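Visitor: Structure provided below as structure tokens; questions to follow.
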Amino acid sequence: MSAVKENTGGVFFVYGYGGTGKTFLWKTISAAIRSDGNIVLNVASSGIASLLLPGGRTAHSRFILPFELTEDSFCKINPHGELASLIRKTSLIIWDETLMIHKHAFEALDRTLKDVLRCGNSSISNIPFGGKVIVFGGDFRQILHVVPGGSRQNIVNTSLSSSYLWQHCKVYRLTKNMRLTVGRDQPDIEKIRDFANWLLDIGEGKRGGPNDGETIIDIPNDILINDPDDPIGSLIEFVYPSILEKYNSTNYLQERAILAPKNEVVQEINDRLLNKFPGDEVEYLSSDSLCQSEFVHDQFDANLYSPDVLNGLKVSGLLNHMLVLKIGVPVMLLRNIDQKNGLCNGTRLQVISLGKRVIEARIMSGTNIGNQTFIPRMYLTPSEKKIPFKFTKRQFPLAVCFAITINKSRGQPLSKVGLFLKDPFFSHGQLYVALSRVQSRDGLKLLILDKDGRLTNKTSNVVYKEVFRNL
């Protein structure tokens with residue numbers, strides 16, 4: 001606040017785990033500065049996180065960051081345009097969930113602000129972010145930026161703490177769990193505090209002995225599924241009890257989810273619950289076609305890529321060819337459509353009606369809970385580098401979400417979580433993120449299978465301790 005009032009510039013990082021009040025802090029600081037007639041730009045690295053901020057936007061949309069970032073990237077901001085004028089008048093920039101995005105994004109903004117704010121003052125070129133006050137927020141225990149096929153070193157090197165900007169950051173820590181003191185009895189506070197400390201130990205790799213990347217930890221029996229006959233059924237019954245009677249309740253569905261590390265397991269659970277769910281199925285098939293740009297190559301043989309071949313492609317981030325839905329099922333939006341009205345990648349909705357051209361749904365997450373909306377089919381061109389050609393897929397950007405991946409659950413507070421570990425964890429912070437979706441251990445159950453498919457109480461925990469080194 002002093003840096004804003006005195007206009008001295010500065011780079012700050014607020015480090016705190018879930019429940020310590022980061023979002024409350026952002027709202028309070030924003031309100032205080034805006035009450036004086038000044039401008040605050042609130043951004044986050046994901047659409048879901050940005051919905052929690054007053055006037056929040058994704059960093060990519062606010063600063064026009066390129067989708068493919070390099071160490072030389074710039075934001076596409078015209079120095080003489082309206083956005084540049086807004087930035088010059090801005091007193092503070094708040095950027096939440098910074099660890100979800102590559103460090104090149106922050107470096108691109110740094111170079112761009114120096115360029116935009118120079119205006120005859122050559123000394124600005126030596127000041128981080130051109131002298132603007134900027135506050136970053138995040139939790140290094142959570143999943144880091146995803147690098148497809150990347151090594152441990154590649155992943156760690158993408159974080160903000162590995163950037164040249166980190167030496168300019170002044171770090172503040174939030175250490176008190178504020179949720180513990182709100183409407184709780186003393187015995188409940190003690191239980192939740194013990195659970196929170198257990199989570200922090202897992203997030204920092206302090207459980208299961210010395211941890212240099214991956215270790216095996218024991219899970220307490222009281223939060224394990226121990227049914228040898230139908231363990232998946234028991235997990236479903238814990239998260240979605242009496243679903244046949246309560247399937248039409250938005251409140252019932254919005255606070256529950258089954259989590260898993262991989263899409264294949266998520267699909268298995270969703271198919272099982274969809275079959276159990278009452279009502280008639282409606283099937284939507286995508287329309288896939290090659291982009292016209294592919295036909296300019298003389299050696300390109302379009303006959304090799306028939307519609308059947310395009311329909312069968314399955315890669316991360318690509319919508320399924322076949323989408324099967326029923327009225328009442330929970331679905332997740334997989335693309336940013338209308339952030340102002342809460343429709344962004346990760347928003348959960350409940351299907352109200354199924355038309356041929358649009359799907360009507362009710363929002364179940366974020367700040368727009370209860371609002372009804374219409375979801376259209378969209379034309380999408382996958383950017384996956386594993387595919388050696390470009391094609392367009394026209395499909396509803398939705399997926400059934402009784403179960404979701406751990407990465408998709410970030411920023412989604414839940415009252416009941418079932419964690420299905422058919423496969424071991426493979427990325428830093430996955431176990432911590434999955435377990436920290438709930439506030440108490442009463443709302444948590446784990447189903448863990450070993451490599452032979454038998455029940456076990458042990459699971460892997462991946463923690464790259466070098467990310468904490470510079471804190």
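In the structure tokens, the first chain shown is A, the next is B, and so on; residue numbers restart at 1 for each chain, and ligands run from 1 in the order shown.
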Which residues are near Ser365 of chain A? Cut-off 7 Å, only C-alpha atoms, ignore same chain within fewer than 6 positions. Put them as a ChimeraX atom specification.
Guide: /A:254,347-348
Visitor: Please identify which residues in segment 7-78 of chain A DSSP calls strand (DSSP E or B) from the backbone, and express them as a list of chain:residue names.
Guide: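 Taking segment 7-78 of chain A and keeping strand (DSSP E or B) gives A:Gly10, A:Val11, A:Phe12, A:Phe13, A:Val14, A:Tyr15, A:Gly16, A:Ile39, A:Val40, A:Leu41, A:Asn42, A:Val43, A:Ala44, A:Arg57, A:Thr58.
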Visitor: Mind dumping the selected residues with C-alpha atoms as an mmCIF file, in the first residue's frame?
Guide:
```cif
data_model
loop_
_atom_site.group_PDB
_atom_site.id
_atom_site.type_symbol
_atom_site.label_atom_id
_atom_site.label_comp_id
_atom_site.auth_asym_id
_atom_site.auth_seq_id
_atom_site.Cartn_x
_atom_site.Cartn_y
_atom_site.Cartn_z
ATOM 1 C CA GLY A 10 7.753 -2.676 -6.415
ATOM 2 C CA VAL A 11 7.305 -6.405 -6.957
ATOM 3 C CA PHE A 12 5.728 -8.512 -4.203
ATOM 4 C CA PHE A 13 4.841 -12.180 -3.808
ATOM 5 C CA VAL A 14 2.185 -13.356 -1.318
ATOM 6 C CA TYR A 15 2.788 -17.013 -0.425
ATOM 7 C CA GLY A 16 -0.009 -18.867 1.323
ATOM 8 C CA ILE A 39 -7.236 1.696 -10.889
ATOM 9 C CA VAL A 40 -6.426 -1.902 -9.947
ATOM 10 C CA LEU A 41 -6.083 -4.630 -12.585
ATOM 11 C CA ASN A 42 -6.899 -8.061 -11.168
ATOM 12 C CA VAL A 43 -5.779 -11.053 -13.235
ATOM 13 C CA ALA A 44 -5.226 -14.763 -12.697
ATOM 14 C CA ARG A 57 -9.687 -11.392 -16.059
ATOM 15 C CA THR A 58 -7.298 -14.055 -17.253
#
```
Visitor: Between A:Asn78, A:Ser45, A:Ser436, A:Thr459, which residue has the minimum interatomic distance to Ala105 of chain A, considering only C-alpha atoms?
Guide: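 Looking at the shortest contact to Ala105 of chain A, the residue is A:Ser45.
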Visitor: Given only C-alpha atoms as the basis, pick out the residue of A:Ile269, A:Ile243, A:Ile225, A:Leu354 nearest to Leu455 of chain A.
Guide: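 Looking only at the distances to Leu455 of chain A, the closest residue turns out to be A:Ile225.
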Visitor: Just the residues within 9 Å of segment 183-196 of chain A, please, counting only C-alpha atoms, with nothing from its chain fewer than 4 positions along; format it as JSON, numbers by chain.
Guide: {"A": [177, 179, 200, 201, 436, 439, 440, 441]}
Visitor: Could you save the residues just selected, with N, CA, C and O atoms, as a PDB file, in the first residue's frame?
Guide:
```pdb
ATOM      1  N   ASN A 177      -4.508 -20.274   9.146  1.00  0.00           N
ATOM      2  CA  ASN A 177      -5.690 -20.759   8.445  1.00  0.00           C
ATOM      3  C   ASN A 177      -6.922 -20.044   9.000  1.00  0.00           C
ATOM      4  O   ASN A 177      -7.414 -20.358  10.070  1.00  0.00           O
ATOM      5  N   ARG A 179      -9.984 -20.075   7.974  1.00  0.00           N
ATOM      6  CA  ARG A 179     -11.229 -20.838   7.955  1.00  0.00           C
ATOM      7  C   ARG A 179     -11.500 -21.538   9.291  1.00  0.00           C
ATOM      8  O   ARG A 179     -12.628 -21.873   9.607  1.00  0.00           O
ATOM      9  N   LEU A 200      -0.136 -29.818   4.902  1.00  0.00           N
ATOM     10  CA  LEU A 200       1.062 -29.025   4.662  1.00  0.00           C
ATOM     11  C   LEU A 200       2.312 -29.894   4.647  1.00  0.00           C
ATOM     12  O   LEU A 200       3.218 -29.690   3.838  1.00  0.00           O
ATOM     13  N   ASP A 201       2.357 -30.877   5.544  1.00  0.00           N
ATOM     14  CA  ASP A 201       3.500 -31.796   5.557  1.00  0.00           C
ATOM     15  C   ASP A 201       3.596 -32.580   4.255  1.00  0.00           C
ATOM     16  O   ASP A 201       4.682 -32.817   3.727  1.00  0.00           O
ATOM     17  N   SER A 436      -6.427 -31.247  -0.632  1.00  0.00           N
ATOM     18  CA  SER A 436      -6.771 -29.930  -0.078  1.00  0.00           C
ATOM     19  C   SER A 436      -8.040 -29.341  -0.679  1.00  0.00           C
ATOM     20  O   SER A 436      -8.393 -28.198  -0.374  1.00  0.00           O
ATOM     21  N   GLN A 439     -12.163 -29.210   3.368  1.00  0.00           N
ATOM     22  CA  GLN A 439     -11.705 -28.508   4.557  1.00  0.00           C
ATOM     23  C   GLN A 439     -11.475 -29.446   5.734  1.00  0.00           C
ATOM     24  O   GLN A 439     -10.775 -29.092   6.673  1.00  0.00           O
ATOM     25  N   SER A 440     -12.085 -30.627   5.712  1.00  0.00           N
ATOM     26  CA  SER A 440     -11.910 -31.558   6.825  1.00  0.00           C
ATOM     27  C   SER A 440     -11.822 -32.975   6.294  1.00  0.00           C
ATOM     28  O   SER A 440     -12.307 -33.275   5.193  1.00  0.00           O
ATOM     29  N   ARG A 441     -11.225 -33.866   7.079  1.00  0.00           N
ATOM     30  CA  ARG A 441     -11.038 -35.240   6.638  1.00  0.00           C
ATOM     31  C   ARG A 441     -12.350 -36.009   6.595  1.00  0.00           C
ATOM     32  O   ARG A 441     -12.415 -37.073   5.967  1.00  0.00           O
TER      33      ARG A 441
END
```
